[in-house]
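Enquirer: Below you will find the structure I want to go over with you.
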Amino acid sequence: MLDKIDEKILAVVSHDSDVTAARLGERVGLSASAAHRRVKLLEAAGLIAGYRAKLSPEARGNPSIVFVSVTLRDQAQETLARFEEAIRRARDIEEAHLMTGEFDYILKVPVRADDSFERVHRDTLARLPGVLRLVSHFAIRTVIEP
């Protein structure tokens with residue numbers, strides 16, 4: 001069960017994963033060693049699943065972000081499993097979410113400035129198994145991101 005301190009720690013590290021134990025302790029009202037110990041417990045419990053570097057757009061090739069809505073031919077477990085296995089292997093797909101509503105999945109596809117969406121569509125998206133329909137949505141600007 002999480003207490004208020006754990007919740008504060010999770011909020012801080014979710015926005016600043018390389019925060020020092022001393023700074024984290026200051027922000028949540030603990031000593032550096034106590035803050036470090038709590039973080040290790042949260043990691044061991046699986047509540048902190050990992051850390052990663054947030055790369056600048058330049059480091060990622062100044063990509064355009066395309067969200068692709070996917071409708072599958074059917075909802076059979078085999079169709080879902082084949083599709084999900086294929087998107088896990090696809091290097092062009094950064095995120096994928098099973099959805100409720102009008103379509104089955106939404107994919108986040110960053111397209112580097114030195115690449116083209118035509119190539120991604122032809123070589124990756126159009127080859128995905130079980131797809132009935134693809135609808136592409138180009139992001140104009142990112143307003144909020146993790």
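Residue numbering restarts at 1 for every chain of the structure tokens, chains are lettered A, B, ... in their displayed order, and ligands are numbered from 1 as they appear.
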Please identify all polymer residues within 12 Å of Phe67 (chain A), counting only C-alpha atoms, omitting same-chain residues fewer than 2 positions from it, and present them as a JSON list (two decimals) with C-alpha atoms, in the first residue's frame.
Expert:
```
[["chain", "number", "residue", "atom", "x", "y", "z"],
["A", 64, "SER", "CA", 6.83, 14.14, -37.67],
["A", 65, "ILE", "CA", 4.46, 12.23, -35.41],
["A", 69, "SER", "CA", -5.97, 4.28, -36.26],
["A", 70, "VAL", "CA", -6.23, 0.59, -37.10],
["A", 92, "ASP", "CA", 8.75, 2.10, -37.16],
["A", 93, "ILE", "CA", 6.09, 1.86, -34.44],
["A", 94, "GLU", "CA", 6.94, 3.62, -31.18],
["A", 95, "GLU", "CA", 3.72, 2.99, -29.24],
["A", 96, "ALA", "CA", 0.61, 0.89, -29.70],
["A", 97, "HIS", "CA", -2.62, 0.88, -27.71],
["A", 105, "TYR", "CA", -5.69, 0.11, -32.09],
["A", 106, "ILE", "CA", -3.91, 3.42, -32.26],
["A", 107, "LEU", "CA", -0.24, 3.45, -33.21],
["A", 108, "LYS", "CA", 2.28, 6.23, -32.67],
["A", 109, "VAL", "CA", 4.65, 6.38, -35.62],
["A", 110, "PRO", "CA", 7.47, 8.93, -35.60],
["A", 111, "VAL", "CA", 8.73, 9.59, -39.13],
["A", 117, "PHE", "CA", 5.52, 8.27, -44.33],
["A", 121, "HIS", "CA", 3.10, 2.90, -44.87],
["A", 125, "LEU", "CA", 1.78, -0.56, -41.95],
["A", 134, "LEU", "CA", -5.76, 2.30, -41.61],
["A", 135, "VAL", "CA", -6.43, 6.00, -40.98],
["A", 136, "SER", "CA", -3.45, 8.32, -40.51],
["A", 137, "HIS", "CA", -3.50, 11.47, -38.38],
["A", 138, "PHE", "CA", -0.49, 13.81, -38.61],
["A", 139, "ALA", "CA", 0.26, 15.76, -35.43],
["A", 140, "ILE", "CA", 0.69, 19.47, -36.04]]
```
Enquirer: Env of region 76-88 of chain A: 7 Å cut, atoms = only C-alpha atoms, seq-sep filter 3 positions within chain, self excluded. Answer as a list in words.
Expert: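 Contacts, in chain order: Ile93, Leu128, Pro129 and Gly130 of chain A.
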Enquirer: To one decimal in Å, tell me the separation between CA of Ala22 (chain A) and CA of Leu42 (chain A).
Expert: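 Between CA of Ala22 (chain A) and CA of Leu42 (chain A) the gap is 17.1 Å.
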Enquirer: Report, in Å with one decimal, the straight-line distance from CA of Arg112 (chain A) to CA of Pro57 (chain A).
Expert: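 If I compute the distance from CA of Arg112 (chain A) to CA of Pro57 (chain A), I get 9.4 Å.
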Enquirer: A:Ala49, A:Ser17, A:Arg38, A:Gln75: which is nearest Thr100 (chain A), counting only C-alpha atoms?
Expert: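 That would be A:Gln75, the residue with the smallest distance to Thr100 (chain A).
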Enquirer: So which residues touch region 28-34 of chain A within 7 Å, counting only C-alpha atoms, skipping near sequence neighbours fewer than 3 positions away, as a ChimeraX atom specification?
Expert: /A:5,8-9,21-22,24-25,37-38
Enquirer: Store the residues of this selection in a file with N, CA and C atoms, as an mmCIF file, in the first residue's frame.
Expert:
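This is the output file out16.cif:
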```cif
data_model
loop_
_atom_site.group_PDB
_atom_site.id
_atom_site.type_symbol
_atom_site.label_atom_id
_atom_site.label_comp_id
_atom_site.auth_asym_id
_atom_site.auth_seq_id
_atom_site.Cartn_x
_atom_site.Cartn_y
_atom_site.Cartn_z
ATOM 1 N N ILE A 5 4.053 9.753 1.110
ATOM 2 C CA ILE A 5 5.458 9.970 0.733
ATOM 3 C C ILE A 5 5.776 9.202 -0.543
ATOM 4 N N LYS A 8 4.361 10.986 -3.459
ATOM 5 C CA LYS A 8 5.170 12.157 -3.793
ATOM 6 C C LYS A 8 6.441 11.738 -4.532
ATOM 7 N N ILE A 9 7.079 10.677 -4.059
ATOM 8 C CA ILE A 9 8.298 10.182 -4.718
ATOM 9 C C ILE A 9 7.992 9.791 -6.157
ATOM 10 N N ALA A 21 19.193 11.747 -4.806
ATOM 11 C CA ALA A 21 18.520 11.352 -3.566
ATOM 12 C C ALA A 21 18.393 12.544 -2.629
ATOM 13 N N ALA A 22 19.421 13.399 -2.595
ATOM 14 C CA ALA A 22 19.373 14.581 -1.725
ATOM 15 C C ALA A 22 18.245 15.512 -2.141
ATOM 16 N N LEU A 24 15.609 14.767 -4.022
ATOM 17 C CA LEU A 24 14.341 14.063 -3.842
ATOM 18 C C LEU A 24 13.914 14.141 -2.378
ATOM 19 N N GLY A 25 14.850 13.895 -1.486
ATOM 20 C CA GLY A 25 14.547 13.976 -0.066
ATOM 21 C C GLY A 25 14.035 15.347 0.327
ATOM 22 N N ARG A 37 16.362 4.826 -0.086
ATOM 23 C CA ARG A 37 15.828 3.536 0.359
ATOM 24 C C ARG A 37 14.391 3.346 -0.139
ATOM 25 N N ARG A 38 13.570 4.398 -0.066
ATOM 26 C CA ARG A 38 12.180 4.301 -0.524
ATOM 27 C C ARG A 38 12.117 4.064 -2.029
#
```
Enquirer: Report the distance between CA of Asn62 (chain A) and CA of Asp16 (chain A) in Å, rounded to one decimal place.
Expert: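 That distance, rounded to one decimal, is 22.9 Å.
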Enquirer: Which residue gives the smallest distance to Leu98 (chain A) among A:Leu132, A:Ala59, A:Leu72, A:Val120, with only C-alpha atoms counted?
Expert: A:Leu72
Enquirer: From the options A:Thr71, A:Thr124, A:Ser56, A:Ser14, which residue's atoms come nearest to Phe103 (chain A), counting only C-alpha atoms?
Expert: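 Of all the options, A:Thr71 lies closest to Phe103 (chain A).
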Enquirer: Just want the 12 Å neighbourhood of Ala45 (chain A), counted on only C-alpha atoms, with same-chain residues fewer than 4 positions away dropped. Output as number ranges by chain.
Expert: A: 1-2, 6, 38-41, 49-50
Enquirer: May I have all residues of chain A that DSSP, computed from the backbone, assigns to helix (DSSP H, G or I), given as a PDB file with N, CA and C atoms, in the first residue's frame?
Expert:
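Everything below was put into part29.pdb:
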```pdb
ATOM      1  N   LYS A   4       1.514   8.577   1.443  1.00  0.00           N
ATOM      2  CA  LYS A   4       1.633   9.896   0.794  1.00  0.00           C
ATOM      3  C   LYS A   4       3.064  10.186   0.340  1.00  0.00           C
ATOM      4  N   ILE A   5       4.053   9.753   1.110  1.00  0.00           N
ATOM      5  CA  ILE A   5       5.458   9.970   0.733  1.00  0.00           C
ATOM      6  C   ILE A   5       5.776   9.202  -0.543  1.00  0.00           C
ATOM      7  N   ASP A   6       5.337   7.930  -0.621  1.00  0.00           N
ATOM      8  CA  ASP A   6       5.566   7.142  -1.836  1.00  0.00           C
ATOM      9  C   ASP A   6       4.921   7.820  -3.047  1.00  0.00           C
ATOM     10  N   GLU A   7       3.714   8.315  -2.881  1.00  0.00           N
ATOM     11  CA  GLU A   7       3.034   9.004  -3.973  1.00  0.00           C
ATOM     12  C   GLU A   7       3.813  10.237  -4.419  1.00  0.00           C
ATOM     13  N   LYS A   8       4.361  10.986  -3.459  1.00  0.00           N
ATOM     14  CA  LYS A   8       5.170  12.157  -3.793  1.00  0.00           C
ATOM     15  C   LYS A   8       6.441  11.738  -4.532  1.00  0.00           C
ATOM     16  N   ILE A   9       7.079  10.677  -4.059  1.00  0.00           N
ATOM     17  CA  ILE A   9       8.298  10.182  -4.718  1.00  0.00           C
ATOM     18  C   ILE A   9       7.992   9.791  -6.157  1.00  0.00           C
ATOM     19  N   LEU A  10       6.913   9.058  -6.370  1.00  0.00           N
ATOM     20  CA  LEU A  10       6.549   8.644  -7.731  1.00  0.00           C
ATOM     21  C   LEU A  10       6.272   9.849  -8.620  1.00  0.00           C
ATOM     22  N   ALA A  11       5.618  10.862  -8.068  1.00  0.00           N
ATOM     23  CA  ALA A  11       5.342  12.067  -8.854  1.00  0.00           C
ATOM     24  C   ALA A  11       6.637  12.768  -9.248  1.00  0.00           C
ATOM     25  N   VAL A  12       7.579  12.849  -8.326  1.00  0.00           N
ATOM     26  CA  VAL A  12       8.844  13.527  -8.621  1.00  0.00           C
ATOM     27  C   VAL A  12       9.642  12.756  -9.662  1.00  0.00           C
ATOM     28  N   VAL A  13       9.843  11.448  -9.445  1.00  0.00           N
ATOM     29  CA  VAL A  13      10.691  10.690 -10.385  1.00  0.00           C
ATOM     30  C   VAL A  13      10.031  10.499 -11.747  1.00  0.00           C
ATOM     31  N   SER A  14       8.703  10.595 -11.805  1.00  0.00           N
ATOM     32  CA  SER A  14       8.053  10.475 -13.114  1.00  0.00           C
ATOM     33  C   SER A  14       8.332  11.686 -13.993  1.00  0.00           C
ATOM     34  N   HIS A  15       8.649  12.822 -13.371  1.00  0.00           N
ATOM     35  CA  HIS A  15       8.968  14.030 -14.127  1.00  0.00           C
ATOM     36  C   HIS A  15      10.466  14.293 -14.216  1.00  0.00           C
ATOM     37  N   ALA A  21      19.193  11.747  -4.806  1.00  0.00           N
ATOM     38  CA  ALA A  21      18.520  11.352  -3.566  1.00  0.00           C
ATOM     39  C   ALA A  21      18.393  12.544  -2.629  1.00  0.00           C
ATOM     40  N   ALA A  22      19.421  13.399  -2.595  1.00  0.00           N
ATOM     41  CA  ALA A  22      19.373  14.581  -1.725  1.00  0.00           C
ATOM     42  C   ALA A  22      18.245  15.512  -2.141  1.00  0.00           C
ATOM     43  N   ARG A  23      18.136  15.793  -3.436  1.00  0.00           N
ATOM     44  CA  ARG A  23      17.095  16.699  -3.944  1.00  0.00           C
ATOM     45  C   ARG A  23      15.706  16.068  -3.776  1.00  0.00           C
ATOM     46  N   LEU A  24      15.609  14.767  -4.022  1.00  0.00           N
ATOM     47  CA  LEU A  24      14.341  14.063  -3.842  1.00  0.00           C
ATOM     48  C   LEU A  24      13.914  14.141  -2.378  1.00  0.00           C
ATOM     49  N   GLY A  25      14.850  13.895  -1.486  1.00  0.00           N
ATOM     50  CA  GLY A  25      14.547  13.976  -0.066  1.00  0.00           C
ATOM     51  C   GLY A  25      14.035  15.347   0.327  1.00  0.00           C
ATOM     52  N   GLU A  26      14.671  16.399  -0.191  1.00  0.00           N
ATOM     53  CA  GLU A  26      14.209  17.765   0.088  1.00  0.00           C
ATOM     54  C   GLU A  26      12.779  17.970  -0.380  1.00  0.00           C
ATOM     55  N   ARG A  27      12.474  17.450  -1.544  1.00  0.00           N
ATOM     56  CA  ARG A  27      11.155  17.687  -2.151  1.00  0.00           C
ATOM     57  C   ARG A  27      10.038  16.912  -1.470  1.00  0.00           C
ATOM     58  N   VAL A  28      10.379  15.760  -0.848  1.00  0.00           N
ATOM     59  CA  VAL A  28       9.325  14.945  -0.228  1.00  0.00           C
ATOM     60  C   VAL A  28       9.401  14.919   1.300  1.00  0.00           C
ATOM     61  N   ALA A  32      18.265  12.175   2.507  1.00  0.00           N
ATOM     62  CA  ALA A  32      18.707  11.578   1.240  1.00  0.00           C
ATOM     63  C   ALA A  32      18.721  10.062   1.321  1.00  0.00           C
ATOM     64  N   SER A  33      19.224   9.522   2.426  1.00  0.00           N
ATOM     65  CA  SER A  33      19.305   8.058   2.541  1.00  0.00           C
ATOM     66  C   SER A  33      17.919   7.423   2.626  1.00  0.00           C
ATOM     67  N   ALA A  34      16.999   8.066   3.330  1.00  0.00           N
ATOM     68  CA  ALA A  34      15.630   7.542   3.418  1.00  0.00           C
ATOM     69  C   ALA A  34      14.933   7.612   2.057  1.00  0.00           C
ATOM     70  N   ALA A  35      15.159   8.691   1.332  1.00  0.00           N
ATOM     71  CA  ALA A  35      14.564   8.820  -0.003  1.00  0.00           C
ATOM     72  C   ALA A  35      15.118   7.748  -0.928  1.00  0.00           C
ATOM     73  N   HIS A  36      16.434   7.534  -0.895  1.00  0.00           N
ATOM     74  CA  HIS A  36      17.060   6.504  -1.718  1.00  0.00           C
ATOM     75  C   HIS A  36      16.496   5.124  -1.373  1.00  0.00           C
ATOM     76  N   ARG A  37      16.362   4.826  -0.086  1.00  0.00           N
ATOM     77  CA  ARG A  37      15.828   3.536   0.359  1.00  0.00           C
ATOM     78  C   ARG A  37      14.391   3.346  -0.139  1.00  0.00           C
ATOM     79  N   ARG A  38      13.570   4.398  -0.066  1.00  0.00           N
ATOM     80  CA  ARG A  38      12.180   4.301  -0.524  1.00  0.00           C
ATOM     81  C   ARG A  38      12.117   4.064  -2.029  1.00  0.00           C
ATOM     82  N   VAL A  39      12.987   4.737  -2.780  1.00  0.00           N
ATOM     83  CA  VAL A  39      13.025   4.523  -4.229  1.00  0.00           C
ATOM     84  C   VAL A  39      13.368   3.071  -4.532  1.00  0.00           C
ATOM     85  N   LYS A  40      14.350   2.518  -3.846  1.00  0.00           N
ATOM     86  CA  LYS A  40      14.745   1.121  -4.065  1.00  0.00           C
ATOM     87  C   LYS A  40      13.595   0.168  -3.751  1.00  0.00           C
ATOM     88  N   LEU A  41      12.825   0.455  -2.715  1.00  0.00           N
ATOM     89  CA  LEU A  41      11.654  -0.365  -2.387  1.00  0.00           C
ATOM     90  C   LEU A  41      10.583  -0.259  -3.473  1.00  0.00           C
ATOM     91  N   LEU A  42      10.372   0.948  -3.995  1.00  0.00           N
ATOM     92  CA  LEU A  42       9.391   1.134  -5.075  1.00  0.00           C
ATOM     93  C   LEU A  42       9.843   0.407  -6.346  1.00  0.00           C
ATOM     94  N   GLU A  43      11.131   0.422  -6.618  1.00  0.00           N
ATOM     95  CA  GLU A  43      11.664  -0.336  -7.764  1.00  0.00           C
ATOM     96  C   GLU A  43      11.460  -1.826  -7.559  1.00  0.00           C
ATOM     97  N   ALA A  44      11.804  -2.325  -6.360  1.00  0.00           N
ATOM     98  CA  ALA A  44      11.668  -3.759  -6.064  1.00  0.00           C
ATOM     99  C   ALA A  44      10.216  -4.213  -6.151  1.00  0.00           C
ATOM    100  N   GLN A  77      -9.212 -13.916 -31.183  1.00  0.00           N
ATOM    101  CA  GLN A  77      -7.990 -13.883 -30.387  1.00  0.00           C
ATOM    102  C   GLN A  77      -6.753 -14.100 -31.261  1.00  0.00           C
ATOM    103  N   GLU A  78      -6.851 -14.986 -32.235  1.00  0.00           N
ATOM    104  CA  GLU A  78      -5.721 -15.250 -33.133  1.00  0.00           C
ATOM    105  C   GLU A  78      -5.373 -14.011 -33.963  1.00  0.00           C
ATOM    106  N   THR A  79      -6.376 -13.286 -34.425  1.00  0.00           N
ATOM    107  CA  THR A  79      -6.146 -12.064 -35.202  1.00  0.00           C
ATOM    108  C   THR A  79      -5.437 -11.022 -34.345  1.00  0.00           C
ATOM    109  N   LEU A  80      -5.931 -10.828 -33.116  1.00  0.00           N
ATOM    110  CA  LEU A  80      -5.303  -9.868 -32.205  1.00  0.00           C
ATOM    111  C   LEU A  80      -3.859 -10.270 -31.906  1.00  0.00           C
ATOM    112  N   ALA A  81      -3.635 -11.538 -31.628  1.00  0.00           N
ATOM    113  CA  ALA A  81      -2.289 -12.011 -31.279  1.00  0.00           C
ATOM    114  C   ALA A  81      -1.320 -11.844 -32.448  1.00  0.00           C
ATOM    115  N   ARG A  82      -1.738 -12.183 -33.660  1.00  0.00           N
ATOM    116  CA  ARG A  82      -0.863 -12.030 -34.828  1.00  0.00           C
ATOM    117  C   ARG A  82      -0.528 -10.564 -35.070  1.00  0.00           C
ATOM    118  N   PHE A  83      -1.545  -9.707 -34.958  1.00  0.00           N
ATOM    119  CA  PHE A  83      -1.326  -8.278 -35.158  1.00  0.00           C
ATOM    120  C   PHE A  83      -0.364  -7.734 -34.108  1.00  0.00           C
ATOM    121  N   GLU A  84      -0.596  -8.058 -32.836  1.00  0.00           N
ATOM    122  CA  GLU A  84       0.256  -7.544 -31.763  1.00  0.00           C
ATOM    123  C   GLU A  84       1.690  -8.048 -31.878  1.00  0.00           C
ATOM    124  N   GLU A  85       1.878  -9.281 -32.276  1.00  0.00           N
ATOM    125  CA  GLU A  85       3.236  -9.795 -32.469  1.00  0.00           C
ATOM    126  C   GLU A  85       3.934  -9.027 -33.594  1.00  0.00           C
ATOM    127  N   ALA A  86       3.217  -8.732 -34.658  1.00  0.00           N
ATOM    128  CA  ALA A  86       3.804  -7.999 -35.788  1.00  0.00           C
ATOM    129  C   ALA A  86       4.177  -6.566 -35.388  1.00  0.00           C
ATOM    130  N   ILE A  87       3.328  -5.891 -34.626  1.00  0.00           N
ATOM    131  CA  ILE A  87       3.658  -4.504 -34.264  1.00  0.00           C
ATOM    132  C   ILE A  87       4.789  -4.449 -33.234  1.00  0.00           C
ATOM    133  N   ARG A  88       4.920  -5.494 -32.419  1.00  0.00           N
ATOM    134  CA  ARG A  88       6.068  -5.528 -31.479  1.00  0.00           C
ATOM    135  C   ARG A  88       7.391  -5.605 -32.240  1.00  0.00           C
ATOM    136  N   ARG A  89       7.388  -6.271 -33.378  1.00  0.00           N
ATOM    137  CA  ARG A  89       8.614  -6.428 -34.180  1.00  0.00           C
ATOM    138  C   ARG A  89       8.877  -5.223 -35.085  1.00  0.00           C
ATOM    139  N   PHE A 117       6.648   9.070 -44.789  1.00  0.00           N
ATOM    140  CA  PHE A 117       5.522   8.275 -44.329  1.00  0.00           C
ATOM    141  C   PHE A 117       5.114   7.272 -45.398  1.00  0.00           C
ATOM    142  N   GLU A 118       5.319   7.626 -46.656  1.00  0.00           N
ATOM    143  CA  GLU A 118       5.011   6.679 -47.735  1.00  0.00           C
ATOM    144  C   GLU A 118       5.782   5.378 -47.537  1.00  0.00           C
ATOM    145  N   ARG A 119       7.084   5.475 -47.205  1.00  0.00           N
ATOM    146  CA  ARG A 119       7.896   4.276 -46.988  1.00  0.00           C
ATOM    147  C   ARG A 119       7.386   3.494 -45.783  1.00  0.00           C
ATOM    148  N   VAL A 120       7.085   4.205 -44.684  1.00  0.00           N
ATOM    149  CA  VAL A 120       6.577   3.534 -43.482  1.00  0.00           C
ATOM    150  C   VAL A 120       5.259   2.827 -43.788  1.00  0.00           C
ATOM    151  N   HIS A 121       4.387   3.496 -44.509  1.00  0.00           N
ATOM    152  CA  HIS A 121       3.100   2.899 -44.866  1.00  0.00           C
ATOM    153  C   HIS A 121       3.294   1.663 -45.742  1.00  0.00           C
ATOM    154  N   ARG A 122       4.114   1.797 -46.754  1.00  0.00           N
ATOM    155  CA  ARG A 122       4.351   0.703 -47.698  1.00  0.00           C
ATOM    156  C   ARG A 122       5.066  -0.481 -47.050  1.00  0.00           C
ATOM    157  N   ASP A 123       6.143  -0.198 -46.303  1.00  0.00           N
ATOM    158  CA  ASP A 123       6.998  -1.266 -45.792  1.00  0.00           C
ATOM    159  C   ASP A 123       6.557  -1.844 -44.452  1.00  0.00           C
ATOM    160  N   LEU A 125       3.198  -0.574 -42.292  1.00  0.00           N
ATOM    161  CA  LEU A 125       1.780  -0.564 -41.948  1.00  0.00           C
ATOM    162  C   LEU A 125       0.934  -1.424 -42.882  1.00  0.00           C
ATOM    163  N   ALA A 126       1.155  -1.310 -44.177  1.00  0.00           N
ATOM    164  CA  ALA A 126       0.356  -2.068 -45.147  1.00  0.00           C
ATOM    165  C   ALA A 126       0.607  -3.570 -45.071  1.00  0.00           C
ATOM    166  N   ARG A 127       1.661  -3.986 -44.395  1.00  0.00           N
ATOM    167  CA  ARG A 127       2.003  -5.411 -44.281  1.00  0.00           C
ATOM    168  C   ARG A 127       1.518  -6.047 -42.976  1.00  0.00           C
TER     169      ARG A 127
END
```
Enquirer: Please extract the residues of chain A with a backbone DSSP assignment of strand (DSSP E or B) and present them as a PyMOL selection string.
Expert: chain A and resi 64-72+95-98+105-111+131-138
Enquirer: Name the closest residue to Val131 (chain A) among the candidates A:Asp74, A:Glu145, A:Asp114, A:Asp18; distances are taken between atoms, counting only C-alpha atoms.
Expert: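 Selected residue with least distance to Val131 (chain A): A:Asp74.
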